[in-house]
file input-v1.tsv (TSV, C-alpha atoms and all ligand atoms)
chain	number	residue	atom	x	y	z
A	1	MET	CA	0.00	0.00	0.00
A	2	THR	CA	1.37	3.42	-0.89
A	3	ALA	CA	1.43	6.11	1.75
A	4	ARG	CA	-1.13	8.87	2.19
A	5	LEU	CA	-0.10	12.47	1.57
A	6	ASN	CA	-1.14	15.30	3.86
A	7	VAL	CA	-0.13	18.65	2.41
A	8	ASN	CA	1.14	21.16	4.96
A	9	ILE	CA	-0.19	24.56	3.86
A	10	ASP	CA	1.45	26.71	6.59
A	11	HIS	CA	3.38	28.69	3.98
A	12	VAL	CA	0.19	29.87	2.29
A	13	ALA	CA	-0.51	31.62	5.61
A	14	THR	CA	3.14	32.72	5.80
A	15	ILE	CA	2.66	34.72	2.58
A	16	ARG	CA	-0.62	36.20	3.82
A	17	GLU	CA	0.90	37.17	7.18
A	18	ALA	CA	3.81	38.92	5.42
A	19	ARG	CA	1.24	41.61	4.56
A	20	LYS	CA	-1.28	40.94	7.34
A	21	THR	CA	-3.94	40.84	4.66
A	22	ILE	CA	-6.60	38.41	3.41
A	23	GLU	CA	-4.81	36.60	0.58
A	24	PRO	CA	-3.76	33.98	-0.30
A	25	SER	CA	-6.60	32.02	1.27
A	26	VAL	CA	-5.75	28.88	3.23
A	27	GLY	CA	-9.28	27.62	2.62
A	28	ALA	CA	-8.83	27.87	-1.15
A	29	ALA	CA	-5.41	26.22	-0.87
A	30	ALA	CA	-6.88	23.29	1.05
A	31	ILE	CA	-9.62	22.82	-1.55
A	32	LEU	CA	-7.09	22.82	-4.41
A	33	CYS	CA	-4.84	20.31	-2.61
A	34	GLU	CA	-7.79	17.97	-2.11
A	35	LYS	CA	-8.87	18.44	-5.73
A	36	ALA	CA	-5.37	17.40	-6.84
A	37	GLY	CA	-5.60	14.20	-4.79
A	38	ALA	CA	-4.13	15.03	-1.38
A	39	ASP	CA	-5.38	12.72	1.36
A	40	GLY	CA	-5.33	15.39	4.01
A	41	ILE	CA	-4.34	18.89	5.05
A	42	THR	CA	-1.82	19.65	7.78
A	43	VAL	CA	-1.26	22.97	9.53
A	44	HIS	CA	0.84	24.00	12.51
A	45	LEU	CA	-0.74	26.38	15.01
A	46	ARG	CA	2.34	27.89	16.62
A	47	SER	CA	2.18	29.69	19.94
A	48	ASP	CA	3.58	32.86	18.25
A	49	ARG	CA	0.91	32.56	15.47
A	50	ARG	CA	3.52	33.43	12.87
A	51	HIS	CA	1.53	31.83	10.06
A	52	ILE	CA	-1.64	29.86	10.82
A	53	GLN	CA	-4.14	31.80	13.00
A	54	ASP	CA	-6.88	30.42	15.24
A	55	ALA	CA	-9.54	31.58	12.76
A	56	ASP	CA	-7.83	29.51	10.01
A	57	LEU	CA	-8.61	26.36	11.96
A	58	ASP	CA	-12.33	27.20	11.87
A	59	VAL	CA	-12.17	27.90	8.13
A	60	LEU	CA	-10.28	24.66	7.49
A	61	ARG	CA	-12.59	22.60	9.68
A	62	GLY	CA	-15.38	23.93	7.48
A	63	VAL	CA	-13.82	23.15	4.09
A	64	VAL	CA	-11.53	20.14	4.56
A	65	THR	CA	-13.46	17.02	3.60
A	66	THR	CA	-10.53	14.57	3.71
A	67	TYR	CA	-8.47	14.71	6.91
A	68	LEU	CA	-7.40	17.67	8.98
A	69	ASN	CA	-4.21	17.26	10.98
A	70	VAL	CA	-3.14	20.09	13.29
A	71	GLU	CA	0.40	20.20	14.64
A	72	MET	CA	0.73	21.84	18.04
A	73	ALA	CA	2.73	21.94	21.25
A	74	ALA	CA	1.50	19.81	24.17
A	75	THR	CA	0.19	22.75	26.19
A	76	ASP	CA	-3.17	23.34	27.91
A	77	GLU	CA	-3.87	26.30	25.60
A	78	MET	CA	-3.39	24.20	22.46
A	79	VAL	CA	-5.37	21.24	23.76
A	80	GLU	CA	-8.31	23.55	24.48
A	81	ILE	CA	-8.16	24.94	20.92
A	82	ALA	CA	-8.09	21.41	19.50
A	83	LYS	CA	-11.07	20.37	21.60
A	84	ARG	CA	-12.98	23.38	20.28
A	85	THR	CA	-12.06	23.02	16.59
A	86	ARG	CA	-12.01	19.21	16.45
A	87	PRO	CA	-9.46	18.31	13.78
A	88	ASP	CA	-9.29	14.64	12.80
A	89	ALA	CA	-5.80	14.38	14.23
A	90	VAL	CA	-3.39	16.35	16.36
A	91	SER	CA	0.36	15.93	15.96
A	92	LEU	CA	2.22	16.91	19.10
A	93	VAL	CA	5.46	18.71	18.21
A	94	PRO	CA	8.18	20.51	20.17
A	95	GLU	CA	8.34	24.27	19.95
A	96	SER	CA	11.06	26.77	20.70
A	97	PRO	CA	10.42	30.51	20.23
A	98	THR	CA	13.63	31.13	18.25
A	99	GLU	CA	13.33	28.27	15.75
A	100	ILE	CA	12.69	28.96	12.06
A	101	THR	CA	10.87	25.64	11.73
A	102	THR	CA	10.44	22.60	13.98
A	103	GLU	CA	14.00	21.58	14.76
A	104	GLY	CA	13.62	17.92	15.66
A	105	GLY	CA	11.37	15.43	17.34
A	106	LEU	CA	9.58	15.92	20.63
A	107	ASP	CA	11.48	14.60	23.66
A	108	VAL	CA	8.64	12.42	24.93
A	109	ILE	CA	10.79	10.89	27.67
A	110	GLY	CA	11.84	14.30	29.03
A	111	ASN	CA	8.31	15.75	28.84
A	112	PHE	CA	6.37	12.60	29.56
A	113	ASP	CA	3.74	13.95	31.96
A	114	ALA	CA	2.75	16.92	29.76
A	115	VAL	CA	2.67	14.77	26.61
A	116	ALA	CA	0.65	11.97	28.24
A	117	LYS	CA	-1.81	14.51	29.69
A	118	ALA	CA	-2.34	16.17	26.30
A	119	ALA	CA	-2.68	12.79	24.53
A	120	LYS	CA	-5.24	11.61	27.08
A	121	GLU	CA	-7.39	14.73	26.78
A	122	LEU	CA	-7.25	14.75	22.99
A	123	SER	CA	-8.12	11.05	22.75
A	124	ALA	CA	-11.01	11.56	25.17
A	125	ALA	CA	-12.31	14.26	22.80
A	126	GLY	CA	-12.19	11.77	19.91
A	127	ILE	CA	-9.10	13.29	18.25
A	128	PHE	CA	-6.46	10.89	16.91
A	129	VAL	CA	-3.03	11.54	18.45
A	130	SER	CA	0.27	11.45	16.61
A	131	ILE	CA	3.63	12.41	18.14
A	132	PHE	CA	6.52	13.81	16.09
A	133	ILE	CA	9.75	12.16	17.25
A	134	ASP	CA	13.29	11.39	16.19
A	135	PRO	CA	13.92	7.79	15.03
A	136	ILE	CA	14.98	6.57	18.48
A	137	GLU	CA	13.57	3.35	19.95
A	138	ASP	CA	13.18	4.64	23.52
A	139	GLN	CA	11.26	7.70	22.28
A	140	ILE	CA	8.95	5.45	20.24
A	141	THR	CA	8.32	3.25	23.26
A	142	ALA	CA	7.59	6.35	25.36
A	143	ALA	CA	5.22	7.72	22.68
A	144	LYS	CA	3.23	4.47	22.80
A	145	LYS	CA	3.17	4.63	26.61
A	146	ALA	CA	2.03	8.28	26.45
A	147	GLY	CA	-1.04	7.24	24.48
A	148	ALA	CA	-0.16	7.97	20.84
A	149	GLY	CA	-1.87	6.02	18.07
A	150	GLN	CA	0.75	7.16	15.58
A	151	ILE	CA	4.29	8.47	15.54
A	152	GLU	CA	5.65	10.76	12.87
A	153	LEU	CA	9.34	10.13	12.29
A	154	CYS	CA	11.37	13.32	11.94
A	155	THR	CA	13.22	13.15	8.62
A	156	ALA	CA	15.11	16.44	9.13
A	157	GLU	CA	18.50	14.77	9.40
A	158	TYR	CA	17.90	12.69	6.27
A	159	ALA	CA	16.69	15.80	4.43
A	160	GLU	CA	19.84	17.70	5.39
A	161	LEU	CA	22.02	14.87	4.08
A	162	THR	CA	20.24	14.85	0.72
A	163	LEU	CA	20.75	18.52	-0.09
A	164	GLY	CA	22.89	19.56	-3.08
A	165	ALA	CA	26.60	18.76	-2.93
A	166	ARG	CA	26.26	16.61	0.20
A	167	ALA	CA	23.99	14.23	-1.67
A	168	ALA	CA	26.10	14.15	-4.80
A	169	HIS	CA	29.34	12.87	-3.28
A	170	GLY	CA	30.48	9.67	-1.58
A	171	GLU	CA	30.46	10.40	2.14
A	172	GLY	CA	27.14	12.29	2.00
A	173	ARG	CA	25.49	9.45	0.08
A	174	LYS	CA	26.71	6.89	2.61
A	175	LYS	CA	25.42	8.96	5.52
A	176	ALA	CA	22.03	9.44	3.83
A	177	ALA	CA	21.80	5.66	3.22
A	178	ALA	CA	22.63	5.04	6.90
A	179	GLU	CA	19.92	7.50	7.95
A	180	VAL	CA	17.40	5.68	5.72
A	181	GLU	CA	18.30	2.47	7.56
A	182	ARG	CA	17.85	4.20	10.93
A	183	LEU	CA	14.42	5.47	9.85
A	184	HIS	CA	13.47	2.00	8.62
A	185	ASP	CA	14.51	0.33	11.89
A	186	ALA	CA	12.49	2.93	13.79
A	187	ALA	CA	9.45	2.39	11.54
A	188	LEU	CA	9.63	-1.38	12.14
A	189	HIS	CA	9.96	-0.88	15.89
A	190	ALA	CA	6.94	1.44	15.93
A	191	GLN	CA	4.87	-0.94	13.82
A	192	ASN	CA	5.74	-3.81	16.17
A	193	LYS	CA	4.44	-1.69	19.02
A	194	GLY	CA	1.12	-1.30	17.18
A	195	LEU	CA	1.72	2.31	16.15
A	196	ILE	CA	0.84	3.75	12.76
A	197	VAL	CA	3.96	5.31	11.21
A	198	ALA	CA	4.11	8.69	9.50
A	199	ALA	CA	7.15	10.68	8.37
A	200	GLY	CA	7.92	14.25	7.53
A	201	HIS	CA	10.18	17.28	7.51
A	202	GLY	CA	12.30	18.46	4.63
A	203	LEU	CA	10.98	15.84	2.20
A	204	THR	CA	11.03	16.69	-1.49
A	205	THR	CA	10.18	15.03	-4.80
A	206	ARG	CA	13.95	14.48	-5.09
A	207	ASN	CA	14.61	12.69	-1.79
A	208	ILE	CA	11.37	10.87	-0.96
A	209	ALA	CA	11.86	7.67	-3.02
A	210	PRO	CA	13.70	5.55	-0.40
A	211	LEU	CA	11.07	6.43	2.22
A	212	ALA	CA	8.13	5.95	-0.16
A	213	ALA	CA	9.49	2.42	-0.76
A	214	MET	CA	9.02	1.52	2.94
A	215	PRO	CA	5.70	-0.27	3.38
A	216	GLU	CA	5.74	0.59	7.10
A	217	ILE	CA	5.25	4.31	6.40
A	218	ALA	CA	1.53	5.01	6.06
A	219	GLU	CA	1.53	8.82	5.85
A	220	PHE	CA	3.71	11.72	4.77
A	221	ASN	CA	3.31	15.33	5.92
A	222	ILE	CA	4.97	17.60	3.39
A	223	GLY	CA	4.86	21.37	3.06
A	224	HIS	CA	7.84	23.45	2.06
A	225	ASN	CA	8.77	21.62	-1.15
A	226	ILE	CA	5.18	21.49	-2.40
A	227	ILE	CA	4.52	25.18	-1.75
A	228	SER	CA	7.90	26.08	-3.28
A	229	ARG	CA	7.04	24.19	-6.46
A	230	ALA	CA	3.55	25.73	-6.42
A	231	VAL	CA	5.10	29.19	-6.85
A	232	PHE	CA	6.26	28.07	-10.30
A	233	CYS	CA	3.74	25.50	-11.46
A	234	GLY	CA	0.61	26.03	-9.38
A	235	LEU	CA	-0.59	24.23	-6.27
A	236	GLU	CA	-2.52	21.42	-7.94
A	237	GLU	CA	0.39	20.50	-10.21
A	238	ALA	CA	2.80	20.62	-7.25
A	239	VAL	CA	0.59	18.22	-5.27
A	240	ARG	CA	0.32	15.89	-8.26
A	241	GLU	CA	4.12	15.91	-8.66
A	242	MET	CA	4.52	14.86	-5.03
A	243	LEU	CA	1.87	12.15	-5.32
A	244	ALA	CA	3.73	10.79	-8.37
A	245	ALA	CA	7.02	10.85	-6.44
A	246	ILE	CA	5.35	8.80	-3.68
A	247	GLY	CA	4.21	6.32	-6.34
A	248	ARG	CA	0.53	7.22	-6.49
A	301	LIG	N1	5.86	17.32	10.03
A	301	LIG	C1	6.04	18.14	11.09
A	301	LIG	C2	5.77	17.61	12.44
A	301	LIG	C3	6.43	19.48	10.91
A	301	LIG	O1	6.58	20.28	11.97
A	301	LIG	C4	6.62	19.96	9.61
A	301	LIG	C5	6.98	21.40	9.40
A	301	LIG	O2	5.94	22.22	9.86
A	301	LIG	C6	6.42	19.07	8.54
A	301	LIG	C7	6.06	17.76	8.77
A	301	LIG	C8	6.56	19.52	7.11
A	301	LIG	O3	7.89	19.84	6.87
A	301	LIG	P1	8.27	20.52	5.49
A	301	LIG	O4	7.57	21.84	5.43
A	301	LIG	O5	9.76	20.63	5.56
A	301	LIG	O6	7.81	19.59	4.40

call {"tool": "encode", "arguments": {"input": "input-v1.tsv", "output": "C-alpha cells"}}
result
Amino acid sequence: MTARLNVNIDHVATIREARKTIEPSVGAAAILCEKAGADGITVHLRSDRRHIQDADLDVLRGVVTTYLNVEMAATDEMVEIAKRTRPDAVSLVPESPTEITTEGGLDVIGNFDAVAKAAKELSAAGIFVSIFIDPIEDQITAAKKAGAGQIELCTAEYAELTLGARAAHGEGRKKAAAEVERLHDAALHAQNKGLIVAAGHGLTTRNIAPLAAMPEIAEFNIGHNIISRAVFCGLEEAVREMLAAIGR
C-alpha cells in the first residue's frame, strides 16, 4: 500500500501574514490540494501565530473534507483549541520561540507527563493523536506509553544529508543511506508496538523515493517543497508531482 499524503499549507498563511492581509486564502489552498488528490491537510498552530491563525482552523474545519491534521505543542492552551475546533488528528510537536521551523522530534521521555496529559485529553475528545519524534527506539516506546496512536518520524537529518553537494558525493550518500536504515529500523519498531507510522520534515520530490518504498510508512506530511514548487507551477500540479514521487 502506498502512503497517504497530507499537504502542509502553513506557507500559504506565511505569505498572507507577510502583509497581514486576506490573501492567499488557506481555505482555497486546502480545496485545491484535495482536488489534486491530497489525502489530508496539515497545519501548525504555533504559539507565536507566525503563520496559521486560530480563525484559520475554523475555516479549514469547514472546508476540509478529507483529513485535517493540526500540529501543536503539548500545552493546555493548544489542547483547548483542539477540543474546540475538532481536527481529525493532532500531531504533538516541540516548539522553541527562536526556531525557524520545527527543529527535531519531541522529547517524549523528558516531557512525559505533559505529553501523556495532552494525549489523554485529545483522545477523550475523539481526536487521533500522533507524536513527532526522532527515530529513536526509547522515544517510540515512550510515545506508545504516552497514548499515541501514531508516531511521525522526523526526517530532518535525512533531508539535510540529501541537499545539493552533500547528496552528490560519496560520504554524503553513505550517511544518507545510513539515515534511511535508521528510519526503517524505527518504523519497524513502531509498527511492532502497534503504532501507525508517518514521516515528515524536509521531504522533497527528489529525496522521498527511499522512504516511499518503505511499506511501514503510512503517511507523509509535506509542506515546504510542495509550496515552493507551487510558486512556479501552481498548487494542484505541485501536489500531483509529489503524489507521483510517492508512487501514487
Ligand atoms: N511534520 C512536522 C511535524 C512538521 O513540523 C513539519 C513542518 O511544519 C512538517 C512535517 C513539514 O515539513 P516541510 O515543510 O519541511 O515539508

call {"tool": "residues_near_ligand", "arguments": {"input": "input-v1.tsv", "ligand": "ligand LIG 301 (chain A)", "cutoff": "7 Å", "atoms": "all atoms listed in the file", "output": "compact mmCIF listing (two decimals) with C-alpha atoms, in the frame of the given file"}}
result
# COMPACT_ATOMS: atom_id res chain seq x y z
CA ASN A 8 1.14 21.16 4.96
CA HIS A 44 0.84 24.00 12.51
CA GLU A 71 0.40 20.20 14.64
CA SER A 91 0.36 15.93 15.96
CA VAL A 93 5.46 18.71 18.21
CA THR A 101 10.87 25.64 11.73
CA THR A 102 10.44 22.60 13.98
CA PHE A 132 6.52 13.81 16.09
CA GLU A 152 5.65 10.76 12.87
CA ALA A 199 7.15 10.68 8.37
CA GLY A 200 7.92 14.25 7.53
CA HIS A 201 10.18 17.28 7.51
CA GLY A 202 12.30 18.46 4.63
CA LEU A 203 10.98 15.84 2.20
CA ASN A 221 3.31 15.33 5.92
CA ILE A 222 4.97 17.60 3.39
CA GLY A 223 4.86 21.37 3.06
CA HIS A 224 7.84 23.45 2.06
CA ASN A 225 8.77 21.62 -1.15

call {"tool": "atom_distance", "arguments": {"input": "input-v1.tsv", "atom1": "atom CA of A:Asp185", "atom2": "atom CA of A:Val115"}}
result
23.8 Å

call {"tool": "closest_residue", "arguments": {"input": "input-v1.tsv", "among": "A:Ile109, A:Leu211, A:Val180, A:Ala73", "to": "A:Pro97", "atoms": "all atoms listed in the file"}}
result
A:Ala73

call {"tool": "residues_around", "arguments": {"input": "input-v1.tsv", "residues": "A:Tyr158", "least_positions_apart": "5", "cutoff": "10 Å", "atoms": "all atoms listed in the file", "output": "count of residues only"}}
result
14

call {"tool": "closest_residue", "arguments": {"input": "input-v1.tsv", "among": "A:Met214, A:Met78, A:Ala28, A:Ala168", "to": "A:Asp48", "atoms": "only C-alpha atoms"}}
result
A:Met78

call {"tool": "residues_around", "arguments": {"input": "input-v1.tsv", "residues": "A:Asn6", "least_positions_apart": "4", "cutoff": "10 Å", "atoms": "only C-alpha atoms", "output": "list of chain:residue names"}}
result
A:Cys33, A:Glu34, A:Gly37, A:Ala38, A:Asp39, A:Gly40, A:Ile41, A:Thr42, A:Val43, A:Thr66, A:Tyr67, A:Leu68, A:Asn69, A:Gly200, A:Glu219, A:Phe220, A:Asn221, A:Ile222, A:Gly223, A:Val239

call {"tool": "residues_near_point", "arguments": {"input": "input-v1.tsv", "point": "(3.1, 29.2, 19.1)", "cutoff": "8 Å", "atoms": "only C-alpha atoms", "output": "PDB file with C-alpha atoms, in the frame of the given file"}}
result
ATOM      1  CA  LEU A  45      -0.740  26.380  15.010  1.00  0.00           C
ATOM      2  CA  ARG A  46       2.340  27.890  16.620  1.00  0.00           C
ATOM      3  CA  SER A  47       2.180  29.690  19.940  1.00  0.00           C
ATOM      4  CA  ASP A  48       3.580  32.860  18.250  1.00  0.00           C
ATOM      5  CA  ARG A  49       0.910  32.560  15.470  1.00  0.00           C
ATOM      6  CA  ARG A  50       3.520  33.430  12.870  1.00  0.00           C
ATOM      7  CA  MET A  72       0.730  21.840  18.040  1.00  0.00           C
ATOM      8  CA  ALA A  73       2.730  21.940  21.250  1.00  0.00           C
ATOM      9  CA  GLU A  95       8.340  24.270  19.950  1.00  0.00           C
ATOM     10  CA  PRO A  97      10.420  30.510  20.230  1.00  0.00           C
TER      11      PRO A  97
END

call {"tool": "decode", "arguments": {"input": "input-v1.tsv", "residues": "stretch 233-245 of chain A", "atoms": "all heavy atoms", "output": "PDB file, in the first residue's frame"}}
result
ATOM      1  N   CYS A 233       4.600  26.318 -10.586  1.00  0.00           N
ATOM      2  CA  CYS A 233       3.741  25.503 -11.465  1.00  0.00           C
ATOM      3  C   CYS A 233       2.295  25.419 -10.968  1.00  0.00           C
ATOM      4  O   CYS A 233       1.487  24.742 -11.587  1.00  0.00           O
ATOM      5  CB  CYS A 233       4.330  24.097 -11.632  1.00  0.00           C
ATOM      6  SG  CYS A 233       4.352  23.123 -10.139  1.00  0.00           S
ATOM      7  N   GLY A 234       1.977  26.091  -9.893  1.00  0.00           N
ATOM      8  CA  GLY A 234       0.607  26.033  -9.378  1.00  0.00           C
ATOM      9  C   GLY A 234       0.466  24.929  -8.337  1.00  0.00           C
ATOM     10  O   GLY A 234       1.188  23.928  -8.362  1.00  0.00           O
ATOM     11  N   LEU A 235      -0.468  25.139  -7.409  1.00  0.00           N
ATOM     12  CA  LEU A 235      -0.589  24.228  -6.265  1.00  0.00           C
ATOM     13  C   LEU A 235      -1.039  22.825  -6.672  1.00  0.00           C
ATOM     14  O   LEU A 235      -0.493  21.823  -6.196  1.00  0.00           O
ATOM     15  CB  LEU A 235      -1.556  24.840  -5.246  1.00  0.00           C
ATOM     16  CG  LEU A 235      -1.663  24.178  -3.882  1.00  0.00           C
ATOM     17  CD1 LEU A 235      -0.299  23.935  -3.240  1.00  0.00           C
ATOM     18  CD2 LEU A 235      -2.530  25.021  -2.962  1.00  0.00           C
ATOM     19  N   GLU A 236      -2.032  22.756  -7.562  1.00  0.00           N
ATOM     20  CA  GLU A 236      -2.523  21.421  -7.941  1.00  0.00           C
ATOM     21  C   GLU A 236      -1.428  20.593  -8.605  1.00  0.00           C
ATOM     22  O   GLU A 236      -1.238  19.414  -8.288  1.00  0.00           O
ATOM     23  CB  GLU A 236      -3.726  21.540  -8.875  1.00  0.00           C
ATOM     24  CG  GLU A 236      -4.980  21.985  -8.157  1.00  0.00           C
ATOM     25  CD  GLU A 236      -6.136  22.099  -9.128  1.00  0.00           C
ATOM     26  OE1 GLU A 236      -6.752  21.064  -9.429  1.00  0.00           O
ATOM     27  OE2 GLU A 236      -6.407  23.211  -9.608  1.00  0.00           O
ATOM     28  N   GLU A 237      -0.680  21.216  -9.512  1.00  0.00           N
ATOM     29  CA  GLU A 237       0.388  20.497 -10.206  1.00  0.00           C
ATOM     30  C   GLU A 237       1.470  20.067  -9.199  1.00  0.00           C
ATOM     31  O   GLU A 237       1.993  18.954  -9.270  1.00  0.00           O
ATOM     32  CB  GLU A 237       0.982  21.388 -11.309  1.00  0.00           C
ATOM     33  CG  GLU A 237       2.083  20.756 -12.120  1.00  0.00           C
ATOM     34  CD  GLU A 237       1.699  19.443 -12.811  1.00  0.00           C
ATOM     35  OE1 GLU A 237       0.496  19.212 -13.028  1.00  0.00           O
ATOM     36  OE2 GLU A 237       2.609  18.647 -13.086  1.00  0.00           O
ATOM     37  N   ALA A 238       1.773  20.944  -8.250  1.00  0.00           N
ATOM     38  CA  ALA A 238       2.803  20.625  -7.253  1.00  0.00           C
ATOM     39  C   ALA A 238       2.367  19.432  -6.393  1.00  0.00           C
ATOM     40  O   ALA A 238       3.181  18.559  -6.066  1.00  0.00           O
ATOM     41  CB  ALA A 238       3.065  21.845  -6.371  1.00  0.00           C
ATOM     42  N   VAL A 239       1.089  19.368  -6.047  1.00  0.00           N
ATOM     43  CA  VAL A 239       0.587  18.223  -5.267  1.00  0.00           C
ATOM     44  C   VAL A 239       0.666  16.955  -6.113  1.00  0.00           C
ATOM     45  O   VAL A 239       1.101  15.895  -5.641  1.00  0.00           O
ATOM     46  CB  VAL A 239      -0.862  18.476  -4.775  1.00  0.00           C
ATOM     47  CG1 VAL A 239      -1.453  17.218  -4.143  1.00  0.00           C
ATOM     48  CG2 VAL A 239      -0.895  19.636  -3.789  1.00  0.00           C
ATOM     49  N   ARG A 240       0.277  17.075  -7.381  1.00  0.00           N
ATOM     50  CA  ARG A 240       0.318  15.894  -8.258  1.00  0.00           C
ATOM     51  C   ARG A 240       1.757  15.388  -8.435  1.00  0.00           C
ATOM     52  O   ARG A 240       2.000  14.188  -8.447  1.00  0.00           O
ATOM     53  CB  ARG A 240      -0.309  16.219  -9.621  1.00  0.00           C
ATOM     54  CG  ARG A 240      -1.836  16.250  -9.570  1.00  0.00           C
ATOM     55  CD  ARG A 240      -2.450  16.246 -10.961  1.00  0.00           C
ATOM     56  NE  ARG A 240      -2.248  17.512 -11.647  1.00  0.00           N
ATOM     57  CZ  ARG A 240      -3.134  18.514 -11.663  1.00  0.00           C
ATOM     58  NH1 ARG A 240      -4.296  18.387 -11.049  1.00  0.00           N
ATOM     59  NH2 ARG A 240      -2.869  19.631 -12.300  1.00  0.00           N
ATOM     60  N   GLU A 241       2.707  16.322  -8.531  1.00  0.00           N
ATOM     61  CA  GLU A 241       4.121  15.911  -8.656  1.00  0.00           C
ATOM     62  C   GLU A 241       4.547  15.100  -7.428  1.00  0.00           C
ATOM     63  O   GLU A 241       5.241  14.097  -7.544  1.00  0.00           O
ATOM     64  CB  GLU A 241       5.031  17.147  -8.745  1.00  0.00           C
ATOM     65  CG  GLU A 241       5.064  17.811 -10.099  1.00  0.00           C
ATOM     66  CD  GLU A 241       6.010  19.011 -10.108  1.00  0.00           C
ATOM     67  OE1 GLU A 241       6.671  19.281  -9.083  1.00  0.00           O
ATOM     68  OE2 GLU A 241       6.086  19.679 -11.148  1.00  0.00           O
ATOM     69  N   MET A 242       4.121  15.571  -6.247  1.00  0.00           N
ATOM     70  CA  MET A 242       4.521  14.859  -5.027  1.00  0.00           C
ATOM     71  C   MET A 242       3.841  13.492  -4.943  1.00  0.00           C
ATOM     72  O   MET A 242       4.473  12.492  -4.557  1.00  0.00           O
ATOM     73  CB  MET A 242       4.200  15.703  -3.782  1.00  0.00           C
ATOM     74  CG  MET A 242       4.741  15.109  -2.491  1.00  0.00           C
ATOM     75  SD  MET A 242       6.535  14.833  -2.490  1.00  0.00           S
ATOM     76  CE  MET A 242       7.128  16.515  -2.213  1.00  0.00           C
ATOM     77  N   LEU A 243       2.563  13.454  -5.320  1.00  0.00           N
ATOM     78  CA  LEU A 243       1.870  12.150  -5.319  1.00  0.00           C
ATOM     79  C   LEU A 243       2.587  11.174  -6.256  1.00  0.00           C
ATOM     80  O   LEU A 243       2.785  10.003  -5.913  1.00  0.00           O
ATOM     81  CB  LEU A 243       0.409  12.328  -5.767  1.00  0.00           C
ATOM     82  CG  LEU A 243      -0.521  12.951  -4.724  1.00  0.00           C
ATOM     83  CD1 LEU A 243      -1.847  13.376  -5.368  1.00  0.00           C
ATOM     84  CD2 LEU A 243      -0.793  11.976  -3.573  1.00  0.00           C
ATOM     85  N   ALA A 244       3.022  11.664  -7.415  1.00  0.00           N
ATOM     86  CA  ALA A 244       3.734  10.792  -8.366  1.00  0.00           C
ATOM     87  C   ALA A 244       5.047  10.317  -7.765  1.00  0.00           C
ATOM     88  O   ALA A 244       5.435   9.153  -7.914  1.00  0.00           O
ATOM     89  CB  ALA A 244       3.963  11.542  -9.670  1.00  0.00           C
ATOM     90  N   ALA A 245       5.736  11.220  -7.053  1.00  0.00           N
ATOM     91  CA  ALA A 245       7.020  10.846  -6.439  1.00  0.00           C
ATOM     92  C   ALA A 245       6.835   9.788  -5.351  1.00  0.00           C
ATOM     93  O   ALA A 245       7.713   8.968  -5.108  1.00  0.00           O
ATOM     94  CB  ALA A 245       7.698  12.089  -5.860  1.00  0.00           C
TER      95      ALA A 245
END
